[in-house]
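Visitor: target11.json (JSON, C-alpha atoms) pasted underneath:
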[["chain", "number", "residue", "atom", "x", "y", "z"],
["C", 668, "LYS", "CA", -20.45, 8.29, 19.94],
["C", 669, "GLU", "CA", -22.21, 7.07, 16.76],
["C", 670, "LEU", "CA", -19.18, 5.04, 15.62],
["C", 671, "VAL", "CA", -19.14, 1.29, 16.33],
["C", 672, "GLY", "CA", -16.15, -0.60, 14.94],
["C", 673, "MET", "CA", -16.00, -0.09, 11.19],
["C", 674, "LYS", "CA", -19.69, 0.68, 10.78],
["C", 675, "ILE", "CA", -19.43, 4.11, 9.17],
["C", 676, "PRO", "CA", -22.54, 6.22, 9.97],
["C", 677, "ILE", "CA", -24.17, 7.66, 6.85],
["C", 678, "GLY", "CA", -27.17, 9.38, 8.41],
["C", 679, "LYS", "CA", -30.46, 8.85, 10.26],
["C", 680, "ASP", "CA", -33.78, 7.64, 8.92],
["C", 681, "ASN", "CA", -37.16, 9.20, 9.71],
["C", 682, "LEU", "CA", -37.37, 7.20, 12.96],
["C", 683, "GLY", "CA", -33.99, 8.38, 14.17],
["C", 684, "ASN", "CA", -32.18, 5.11, 13.45],
["C", 685, "THR", "CA", -28.57, 5.45, 12.36],
["C", 686, "LEU", "CA", -27.88, 3.99, 8.92],
["C", 687, "VAL", "CA", -24.36, 2.70, 8.32],
["C", 688, "TRP", "CA", -21.92, 1.48, 5.71],
["C", 689, "ASP", "CA", -20.40, -1.58, 7.38],
["C", 690, "LEU", "CA", -16.84, -2.05, 6.12],
["C", 691, "GLU", "CA", -16.56, -5.43, 7.84],
["C", 692, "ASN", "CA", -19.64, -6.87, 6.14],
["C", 693, "HIS", "CA", -18.64, -8.82, 3.01],
["C", 694, "SER", "CA", -22.03, -8.08, 1.44],
["C", 695, "THR", "CA", -21.43, -4.30, 1.63],
["C", 696, "PRO", "CA", -17.81, -3.71, 0.55],
["C", 697, "HIS", "CA", -18.32, -0.82, -1.86],
["C", 698, "LEU", "CA", -20.56, 2.24, -2.05],
["C", 699, "LEU", "CA", -21.75, 4.24, -5.07],
["C", 700, "MET", "CA", -22.89, 7.80, -4.37],
["C", 701, "GLY", "CA", -24.58, 10.36, -6.61],
["C", 702, "GLY", "CA", -25.98, 13.84, -6.25],
["C", 703, "ALA", "CA", -26.11, 17.22, -7.93],
["C", 704, "THR", "CA", -24.58, 20.48, -6.70],
["C", 705, "GLY", "CA", -26.04, 21.43, -3.32],
["C", 706, "SER", "CA", -27.39, 17.94, -2.69],
["C", 707, "GLY", "CA", -25.01, 17.21, 0.20],
["C", 708, "LYS", "CA", -22.85, 14.65, -1.60],
["C", 709, "SER", "CA", -19.48, 16.30, -0.98],
["C", 710, "VAL", "CA", -20.21, 17.00, 2.68],
["C", 711, "CYS", "CA", -21.29, 13.37, 3.15],
["C", 712, "ILE", "CA", -17.99, 12.21, 1.65],
["C", 713, "ILE", "CA", -16.12, 14.43, 4.10],
["C", 714, "SER", "CA", -18.13, 12.84, 6.91],
["C", 715, "VAL", "CA", -17.28, 9.32, 5.67],
["C", 716, "LEU", "CA", -13.59, 10.26, 5.48],
["C", 717, "SER", "CA", -13.67, 11.64, 9.02],
["C", 718, "TYR", "CA", -15.43, 8.57, 10.43],
["C", 719, "ALA", "CA", -13.06, 6.24, 8.56],
["C", 720, "LYS", "CA", -10.11, 7.89, 10.26],
["C", 721, "LEU", "CA", -11.86, 7.58, 13.62],
["C", 722, "ALA", "CA", -12.43, 3.88, 12.86],
["C", 723, "GLY", "CA", -8.66, 3.45, 12.60],
["C", 724, "ILE", "CA", -8.23, 3.03, 8.84],
["C", 725, "LYS", "CA", -4.62, 4.08, 8.32],
["C", 726, "GLU", "CA", -4.49, 3.84, 4.54],
["C", 727, "ILE", "CA", -6.88, 6.13, 2.68],
["C", 728, "TYR", "CA", -6.53, 7.23, -0.93],
["C", 729, "CYS", "CA", -8.67, 10.15, -2.11],
["C", 730, "PHE", "CA", -9.02, 10.78, -5.84],
["C", 731, "ASP", "CA", -10.24, 14.36, -5.94],
["C", 732, "PRO", "CA", -10.33, 15.94, -9.44],
["C", 733, "LYS", "CA", -12.20, 19.03, -8.16],
["C", 734, "PHE", "CA", -9.91, 19.79, -5.18],
["C", 735, "GLU", "CA", -12.72, 19.50, -2.61],
["C", 736, "PHE", "CA", -10.90, 17.41, 0.00],
["C", 737, "GLU", "CA", -7.57, 19.20, 0.36],
["C", 738, "GLU", "CA", -8.08, 19.51, 4.12],
["C", 739, "PHE", "CA", -7.30, 15.80, 4.46],
["C", 740, "ARG", "CA", -3.96, 15.95, 2.64],
["C", 741, "GLY", "CA", -1.06, 15.07, 4.90],
["C", 742, "LYS", "CA", -3.29, 13.71, 7.64],
["C", 743, "GLY", "CA", -3.04, 10.00, 6.91],
["C", 744, "THR", "CA", -4.79, 10.40, 3.58],
["C", 745, "GLU", "CA", -3.09, 10.56, 0.18],
["C", 746, "VAL", "CA", -4.91, 12.98, -2.12],
["C", 747, "TYR", "CA", -4.55, 12.95, -5.90],
["C", 748, "ASN", "CA", -6.11, 15.56, -8.20],
["C", 749, "ASP", "CA", -4.61, 15.13, -11.66],
["C", 750, "VAL", "CA", -6.20, 12.43, -13.81],
["C", 751, "SER", "CA", -2.81, 11.06, -14.88],
["C", 752, "ASP", "CA", -1.75, 10.76, -11.22],
["C", 753, "ILE", "CA", -5.03, 9.03, -10.40],
["C", 754, "GLU", "CA", -4.49, 6.60, -13.26],
["C", 755, "ALA", "CA", -0.95, 5.78, -12.08],
["C", 756, "MET", "CA", -2.07, 5.36, -8.47],
["C", 757, "LEU", "CA", -4.81, 2.94, -9.48],
["C", 758, "GLU", "CA", -2.19, 0.85, -11.28],
["C", 759, "MET", "CA", -0.13, 0.78, -8.08],
["C", 760, "LEU", "CA", -3.16, -0.15, -5.98],
["C", 761, "VAL", "CA", -3.95, -3.10, -8.26],
["C", 762, "GLU", "CA", -0.38, -4.34, -7.71],
["C", 763, "LYS", "CA", -0.80, -3.79, -3.98],
["C", 764, "MET", "CA", -4.05, -5.76, -4.07],
["C", 765, "ASP", "CA", -2.35, -8.70, -5.78],
["C", 766, "GLN", "CA", 0.35, -8.68, -3.09],
["C", 767, "LYS", "CA", -2.27, -8.56, -0.33],
["C", 768, "VAL", "CA", -4.11, -11.52, -1.85],
["C", 769, "LYS", "CA", -0.90, -13.58, -1.86],
["C", 770, "SER", "CA", 0.01, -12.61, 1.70],
["C", 771, "LYS", "CA", -3.61, -12.94, 2.92],
["C", 772, "ASN", "CA", -3.35, -9.45, 4.43],
["C", 773, "THR", "CA", -6.87, -8.06, 4.95],
["C", 774, "ASP", "CA", -6.09, -4.74, 6.67],
["C", 775, "LYS", "CA", -8.59, -2.20, 5.42],
["C", 776, "ILE", "CA", -7.66, 0.22, 2.65],
["C", 777, "LEU", "CA", -10.24, 2.86, 1.74],
["C", 778, "ILE", "CA", -10.43, 4.45, -1.72],
["C", 779, "ILE", "CA", -12.58, 7.55, -2.19],
["C", 780, "PHE", "CA", -13.06, 8.47, -5.86],
["C", 781, "ASP", "CA", -15.03, 11.68, -6.33],
["C", 782, "GLU", "CA", -16.40, 12.77, -9.72],
["C", 783, "TYR", "CA", -15.78, 9.33, -11.15],
["C", 784, "ALA", "CA", -17.77, 9.90, -14.35],
["C", 785, "ASP", "CA", -15.91, 13.15, -15.10],
["C", 786, "ALA", "CA", -12.54, 11.47, -14.52],
["C", 787, "ILE", "CA", -13.43, 8.68, -16.95],
["C", 788, "SER", "CA", -14.49, 11.26, -19.56],
["C", 789, "ALA", "CA", -11.30, 13.30, -19.10],
["C", 790, "SER", "CA", -8.95, 10.33, -19.20],
["C", 791, "GLY", "CA", -9.39, 9.46, -22.88],
["C", 792, "LYS", "CA", -9.92, 6.26, -24.86],
["C", 793, "ASN", "CA", -6.71, 4.54, -23.77],
["C", 794, "SER", "CA", -7.25, 5.13, -20.06],
["C", 795, "THR", "CA", -6.90, 2.22, -17.66],
["C", 796, "ILE", "CA", -9.04, 3.84, -14.93],
["C", 797, "ASP", "CA", -12.22, 1.92, -15.69],
["C", 798, "HIS", "CA", -10.39, -1.42, -16.07],
["C", 799, "ASN", "CA", -8.41, -1.06, -12.84],
["C", 800, "MET", "CA", -11.41, 0.15, -10.88],
["C", 801, "LYS", "CA", -13.32, -2.97, -11.91],
["C", 802, "ARG", "CA", -10.40, -5.17, -10.86],
["C", 803, "LEU", "CA", -10.23, -3.49, -7.45],
["C", 804, "LEU", "CA", -13.99, -3.72, -7.00],
["C", 805, "GLN", "CA", -14.17, -7.40, -7.92],
["C", 806, "LYS", "CA", -10.99, -8.80, -6.40],
["C", 807, "GLY", "CA", -10.26, -6.23, -3.69],
["C", 808, "ARG", "CA", -13.20, -6.99, -1.45],
["C", 809, "SER", "CA", -11.58, -10.16, -0.11],
["C", 810, "SER", "CA", -8.24, -8.43, 0.56],
["C", 811, "GLY", "CA", -9.57, -5.49, 2.54],
["C", 812, "PHE", "CA", -10.16, -2.87, -0.15],
["C", 813, "ARG", "CA", -13.24, -0.71, 0.33],
["C", 814, "ILE", "CA", -14.31, 1.79, -2.33],
["C", 815, "LEU", "CA", -16.62, 4.78, -2.37],
["C", 816, "ALA", "CA", -17.14, 6.13, -5.88],
["C", 817, "ALA", "CA", -19.13, 9.34, -6.26],
["C", 818, "THR", "CA", -20.43, 11.24, -9.23],
["C", 819, "GLN", "CA", -22.38, 14.38, -9.91],
["C", 820, "ARG", "CA", -23.31, 13.10, -13.35],
["C", 821, "ALA", "CA", -25.35, 9.88, -13.41],
["C", 822, "SER", "CA", -24.05, 8.74, -16.79],
["C", 823, "VAL", "CA", -25.47, 5.42, -17.91],
["C", 824, "LYS", "CA", -22.37, 5.00, -20.12],
["C", 825, "VAL", "CA", -20.09, 5.16, -17.08],
["C", 826, "ILE", "CA", -22.30, 3.61, -14.42],
["C", 827, "ALA", "CA", -23.05, 0.59, -16.58],
["C", 828, "GLY", "CA", -24.45, -2.65, -15.24],
["C", 829, "ASP", "CA", -21.11, -4.48, -15.09],
["C", 830, "LEU", "CA", -19.68, -1.69, -12.91],
["C", 831, "LYS", "CA", -22.76, -0.99, -10.82],
["C", 832, "ILE", "CA", -23.22, -4.62, -9.82],
["C", 833, "ASN", "CA", -20.04, -4.30, -7.76],
["C", 834, "PHE", "CA", -21.56, -1.52, -5.64],
["C", 835, "PRO", "CA", -24.11, -3.24, -3.37],
["C", 836, "VAL", "CA", -24.54, -0.03, -1.36],
["C", 837, "GLN", "CA", -26.00, 2.84, -3.38],
["C", 838, "VAL", "CA", -26.66, 6.33, -2.03],
["C", 839, "CYS", "CA", -28.40, 9.01, -4.03],
["C", 840, "PHE", "CA", -28.94, 12.61, -3.02],
["C", 841, "ARG", "CA", -31.01, 15.06, -5.05],
["C", 842, "VAL", "CA", -30.51, 14.73, -8.81],
["C", 843, "PRO", "CA", -32.02, 16.81, -11.64],
["C", 844, "LYS", "CA", -34.07, 14.15, -13.43],
["C", 845, "LYS", "CA", -36.00, 10.95, -12.80],
["C", 846, "ILE", "CA", -33.67, 9.06, -15.16],
["C", 847, "ASP", "CA", -30.68, 10.09, -13.01],
["C", 848, "SER", "CA", -32.32, 8.54, -9.95],
["C", 849, "THR", "CA", -33.06, 5.37, -11.90],
["C", 850, "VAL", "CA", -29.44, 5.09, -13.07],
["C", 851, "MET", "CA", -28.18, 5.44, -9.49],
["C", 852, "ILE", "CA", -30.64, 3.36, -7.44],
["C", 853, "ASP", "CA", -32.85, 1.63, -10.06],
["C", 854, "GLU", "CA", -35.88, 3.67, -8.98],
["C", 855, "PRO", "CA", -37.16, 7.23, -9.38],
["C", 856, "GLY", "CA", -37.51, 9.46, -6.34],
["C", 857, "ALA", "CA", -34.16, 11.16, -5.82],
["C", 858, "GLU", "CA", -35.26, 13.96, -8.16],
["C", 859, "LEU", "CA", -37.84, 14.94, -5.51],
["C", 860, "LEU", "CA", -35.44, 15.18, -2.56],
["C", 861, "ALA", "CA", -34.94, 18.46, -0.72],
["C", 862, "GLY", "CA", -31.15, 18.74, -1.05],
["C", 863, "ALA", "CA", -28.71, 19.54, 1.79],
["C", 864, "GLY", "CA", -28.19, 15.89, 2.77],
["C", 865, "ASP", "CA", -31.69, 14.54, 2.11],
["C", 866, "GLY", "CA", -30.91, 11.16, 0.57],
["C", 867, "LEU", "CA", -31.97, 7.64, -0.37],
["C", 868, "ILE", "CA", -29.94, 4.51, 0.36],
["C", 869, "ARG", "CA", -30.17, 1.00, -1.05],
["C", 870, "SER", "CA", -28.15, -1.60, 0.86],
["C", 871, "PRO", "CA", -28.31, -5.36, 1.59],
["C", 872, "GLN", "CA", -28.45, -4.32, 5.25],
["C", 873, "TYR", "CA", -31.90, -2.75, 4.80],
["C", 874, "LEU", "CA", -35.04, -4.31, 3.37],
["C", 875, "ASN", "CA", -36.09, -1.38, 1.22],
["C", 876, "ILE", "CA", -34.70, 1.82, -0.21],
["C", 877, "THR", "CA", -34.62, 4.09, 2.82],
["C", 878, "ARG", "CA", -34.84, 7.86, 3.04],
["C", 879, "PHE", "CA", -32.36, 9.47, 5.43],
["C", 880, "GLN", "CA", -30.71, 12.72, 6.48],
["C", 881, "ALA", "CA", -26.96, 12.54, 6.00],
["C", 882, "PHE", "CA", -24.49, 13.44, 8.71],
["C", 883, "TYR", "CA", -22.63, 16.61, 7.91],
["C", 884, "LYS", "CA", -19.50, 15.96, 9.92],
["C", 885, "ALA", "CA", -18.05, 13.45, 12.33],
["C", 886, "PRO", "CA", -18.21, 14.36, 16.04]]
Go ahead and express the file in the form of structure tokens.

Guide:
Amino acid sequence: KELVGMKIPIGKDNLGNTLVWDLENHSTPHLLMGGATGSGKSVCIISVLSYAKLAGIKEIYCFDPKFEFEEFRGKGTEVYNDVSDIEAMLEMLVEKMDQKVKSKNTDKILIIFDEYADAISASGKNSTIDHNMKRLLQKGRSSGFRILAATQRASVKVIAGDLKINFPVQVCFRVPKKIDSTVMIDEPGAELLAGAGDGLIRSPQYLNITRFQAFYKAP
């Protein structure tokens, strides 16, 4: 009952208002999510996946190096765990994006990339993951691509300014240090969160960084 069109519920603020990631809004195409173990990050991703399926998105790609989203495999979601498979799939998605741009097809395609920083580190110097992700982030928004990239490690080397600028929606659950919060949402504060879905969101849809309680599963 919380789902309206392609406005994916993320959680509720302190006043009980539902906060959303609006996949139809061109100012909010992509979402960056961070959080340490026990922060609620993985469960929030599962919730987003569930709501996306309820919203009618028929093409979902889940890059899952830690095997946390196996329950979605074979249910309208393609799941890839090996870094080399992820790299190859990103190459294919860039080609698909170019075809969609030419055909002006804007059907939504959702990419969930968990443990993004770890995947970049594991892929080696000659990896094309970072390059292709940036292409999808920059060019894909107009052709229906929507991306959620999540990381447990808020690495400033990976989440650099030229990448982060393409994620207008930023969600941060509890992180170990003040610097981690600053890397994720440009402000401290996430290091003081309670865990278990207690989060902060920065989005063009909301005036300020807003504290919220994440949904744990879709209805």

Visitor: Give me, please, the distance in Å between CA of Thr849 (chain C) and CA of Val836 (chain C), quoted to one decimal.

Guide: 14.6 Å

Visitor: Go through region 754-842 of chain C and flag each residue having an atom no more than 9 Å from region 712-732 of chain C; for those, report the closest pair of atoms plus their distance in Å to one decimal, using only C-alpha atoms, ordered by chain and rising number, as a tab-separated table.

Guide:
residue	atom	partner	partner_atom	distance
C:Met756	CA	C:Tyr728	CA	9.0
C:Asp774	CA	C:Ile724	CA	8.3
C:Lys775	CA	C:Ile724	CA	6.3
C:Ile776	CA	C:Glu726	CA	5.2
C:Leu777	CA	C:Ile727	CA	4.8
C:Ile778	CA	C:Tyr728	CA	4.9
C:Ile779	CA	C:Cys729	CA	4.7
C:Phe780	CA	C:Phe730	CA	4.7
C:Asp781	CA	C:Asp731	CA	5.5
C:Glu782	CA	C:Pro732	CA	6.9
C:Tyr783	CA	C:Phe730	CA	8.7
C:Asp785	CA	C:Pro732	CA	8.4
C:Ala786	CA	C:Pro732	CA	7.1
C:Leu815	CA	C:Ile712	CA	8.6
C:Ala817	CA	C:Ile712	CA	8.5

Visitor: Between C:Pro871, C:Gly811, C:Gly672, C:Gly862, which residue has the minimum interatomic distance to Pro843 (chain C), considering all atoms listed in the file?

Guide: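 Closest candidate: C:Gly862.
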
Visitor: To one decimal place, how far is CA of Ser770 (chain C) from CA of Arg808 (chain C) in Å?

Guide: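 Separation of CA of Ser770 (chain C) and CA of Arg808 (chain C): 14.7 Å.
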
Visitor: I'd like a table as a tab-separated table: residues in region 738-829 of chain C with an atom no more than 8 Å from region 688-707 of chain C, each row giving the shortest atom pair and its distance in Å to one decimal, all atoms listed in the file counted, sorted by chain and rising residue number.

Guide:
residue	atom	partner	partner_atom	distance
C:Leu804	CA	C:His697	CA	7.3
C:Arg808	CA	C:Pro696	CA	6.0
C:Ser809	CA	C:His693	CA	7.8
C:Phe812	CA	C:Pro696	CA	7.7
C:Arg813	CA	C:Pro696	CA	5.5
C:Ile814	CA	C:His697	CA	4.8
C:Leu815	CA	C:Leu698	CA	4.7
C:Ala816	CA	C:Leu699	CA	5.0
C:Ala817	CA	C:Met700	CA	4.5
C:Thr818	CA	C:Gly701	CA	5.0
C:Gln819	CA	C:Ala703	CA	5.1
C:Arg820	CA	C:Ala703	CA	7.4
C:Ala821	CA	C:Gly701	CA	6.9

Visitor: For the atom pair CA of Val768 (chain C) and CA of Gly807 (chain C), what is the interatomic distance in Å to one decimal place?

Guide: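 Computing the Euclidean distance for CA of Val768 (chain C) and CA of Gly807 (chain C) yields 8.3 Å.
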
Visitor: Nearest to Phe734 (chain C) among C:Gln766, C:Ser751, C:Asn772, C:Ser709, with distances taken over all atoms listed in the file: which residue is it?

Guide: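 Selected residue with least distance to Phe734 (chain C): C:Ser709.
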
Visitor: What's the 9 Å shell around Ser848 (chain C), counting only C-alpha atoms, without same-chain residues fewer than 5 positions away, as a PyMOL selection string?

Guide: chain C and resi 701+821+839-843+853-858

Visitor: From the options C:Glu737, C:Ile787, C:Leu867, C:Lys806, which residue's atoms come nearest to Lys763 (chain C), counting all atoms listed in the file?

Guide: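 When distances to Lys763 (chain C) are compared using all atoms listed in the file, the smallest one comes from C:Lys806.
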
Visitor: Taking into account only C-alpha atoms, which residue in the set C:Asn799, C:Arg740, C:Glu735, C:Gly864 is nearest to Glu754 (chain C)?

Guide: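 Closest residue, counting only C-alpha atoms: C:Asn799.
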
Visitor: Any idea what's packed within 7 Å of Gly678 (chain C), counting only C-alpha atoms, ignoring anything in its chain fewer than 6 positions away? Could you give it as a PyMOL selection string?

Guide: chain C and resi 685-686+879-882

Visitor: Restricting the calculation to all atoms listed in the file, which member of C:Gly683, C:Met673, C:Ile826, C:Ile832 is positioned closest to Arg878 (chain C)?

Guide: C:Gly683

Visitor: Would you fill the gaps in region 700-711 of chain C so it has all heavy atoms, then print it as a short mmCIF file (atom, residue, chain, number, x, y, z; two decimals), keeping the file's coordinate frame?

Guide:
data_model
loop_
_atom_site.label_atom_id
_atom_site.label_comp_id
_atom_site.auth_asym_id
_atom_site.auth_seq_id
_atom_site.Cartn_x
_atom_site.Cartn_y
_atom_site.Cartn_z
N MET C 700 -22.16 6.63 -4.85
CA MET C 700 -22.89 7.80 -4.37
C MET C 700 -23.09 8.80 -5.50
O MET C 700 -22.17 9.07 -6.28
CB MET C 700 -22.11 8.46 -3.23
CG MET C 700 -22.81 9.66 -2.59
SD MET C 700 -21.79 10.41 -1.27
CE MET C 700 -21.79 9.10 -0.04
N GLY C 701 -24.30 9.35 -5.61
CA GLY C 701 -24.58 10.36 -6.61
C GLY C 701 -25.32 11.53 -6.02
O GLY C 701 -25.96 11.42 -4.97
N GLY C 702 -25.26 12.65 -6.71
CA GLY C 702 -25.98 13.84 -6.25
C GLY C 702 -25.50 15.08 -6.97
O GLY C 702 -24.31 15.21 -7.29
N ALA C 703 -26.42 15.99 -7.23
CA ALA C 703 -26.11 17.22 -7.93
C ALA C 703 -25.50 18.25 -6.97
O ALA C 703 -25.41 18.03 -5.76
CB ALA C 703 -27.37 17.79 -8.57
N THR C 704 -25.10 19.38 -7.51
CA THR C 704 -24.58 20.48 -6.70
C THR C 704 -25.60 20.90 -5.65
O THR C 704 -26.78 21.09 -5.97
CB THR C 704 -24.24 21.69 -7.59
OG1 THR C 704 -23.27 21.30 -8.57
CG2 THR C 704 -23.69 22.84 -6.77
N GLY C 705 -25.15 21.02 -4.41
CA GLY C 705 -26.04 21.43 -3.32
C GLY C 705 -26.84 20.30 -2.72
O GLY C 705 -27.64 20.52 -1.81
N SER C 706 -26.60 19.08 -3.19
CA SER C 706 -27.39 17.94 -2.69
C SER C 706 -26.87 17.41 -1.36
O SER C 706 -27.59 16.72 -0.64
CB SER C 706 -27.36 16.80 -3.72
OG SER C 706 -26.05 16.26 -3.85
N GLY C 707 -25.61 17.72 -1.03
CA GLY C 707 -25.01 17.21 0.20
C GLY C 707 -24.01 16.10 -0.02
O GLY C 707 -23.45 15.57 0.93
N LYS C 708 -23.75 15.77 -1.28
CA LYS C 708 -22.85 14.65 -1.60
C LYS C 708 -21.44 14.89 -1.07
O LYS C 708 -20.87 14.03 -0.39
CB LYS C 708 -22.82 14.44 -3.12
CG LYS C 708 -21.80 13.40 -3.58
CD LYS C 708 -21.84 13.22 -5.08
CE LYS C 708 -21.41 14.44 -5.85
NZ LYS C 708 -19.95 14.73 -5.72
N SER C 709 -20.87 16.04 -1.37
CA SER C 709 -19.48 16.30 -0.98
C SER C 709 -19.32 16.33 0.54
O SER C 709 -18.34 15.82 1.08
CB SER C 709 -19.00 17.63 -1.58
OG SER C 709 -18.97 17.55 -2.98
N VAL C 710 -20.29 16.91 1.22
CA VAL C 710 -20.21 17.00 2.68
C VAL C 710 -20.34 15.60 3.29
O VAL C 710 -19.69 15.28 4.28
CB VAL C 710 -21.28 17.94 3.24
CG1 VAL C 710 -21.11 18.12 4.74
CG2 VAL C 710 -21.22 19.29 2.55
N CYS C 711 -21.16 14.74 2.68
CA CYS C 711 -21.29 13.37 3.15
C CYS C 711 -19.98 12.61 2.97
O CYS C 711 -19.58 11.83 3.84
CB CYS C 711 -22.43 12.66 2.42
SG CYS C 711 -22.79 11.01 3.06
#
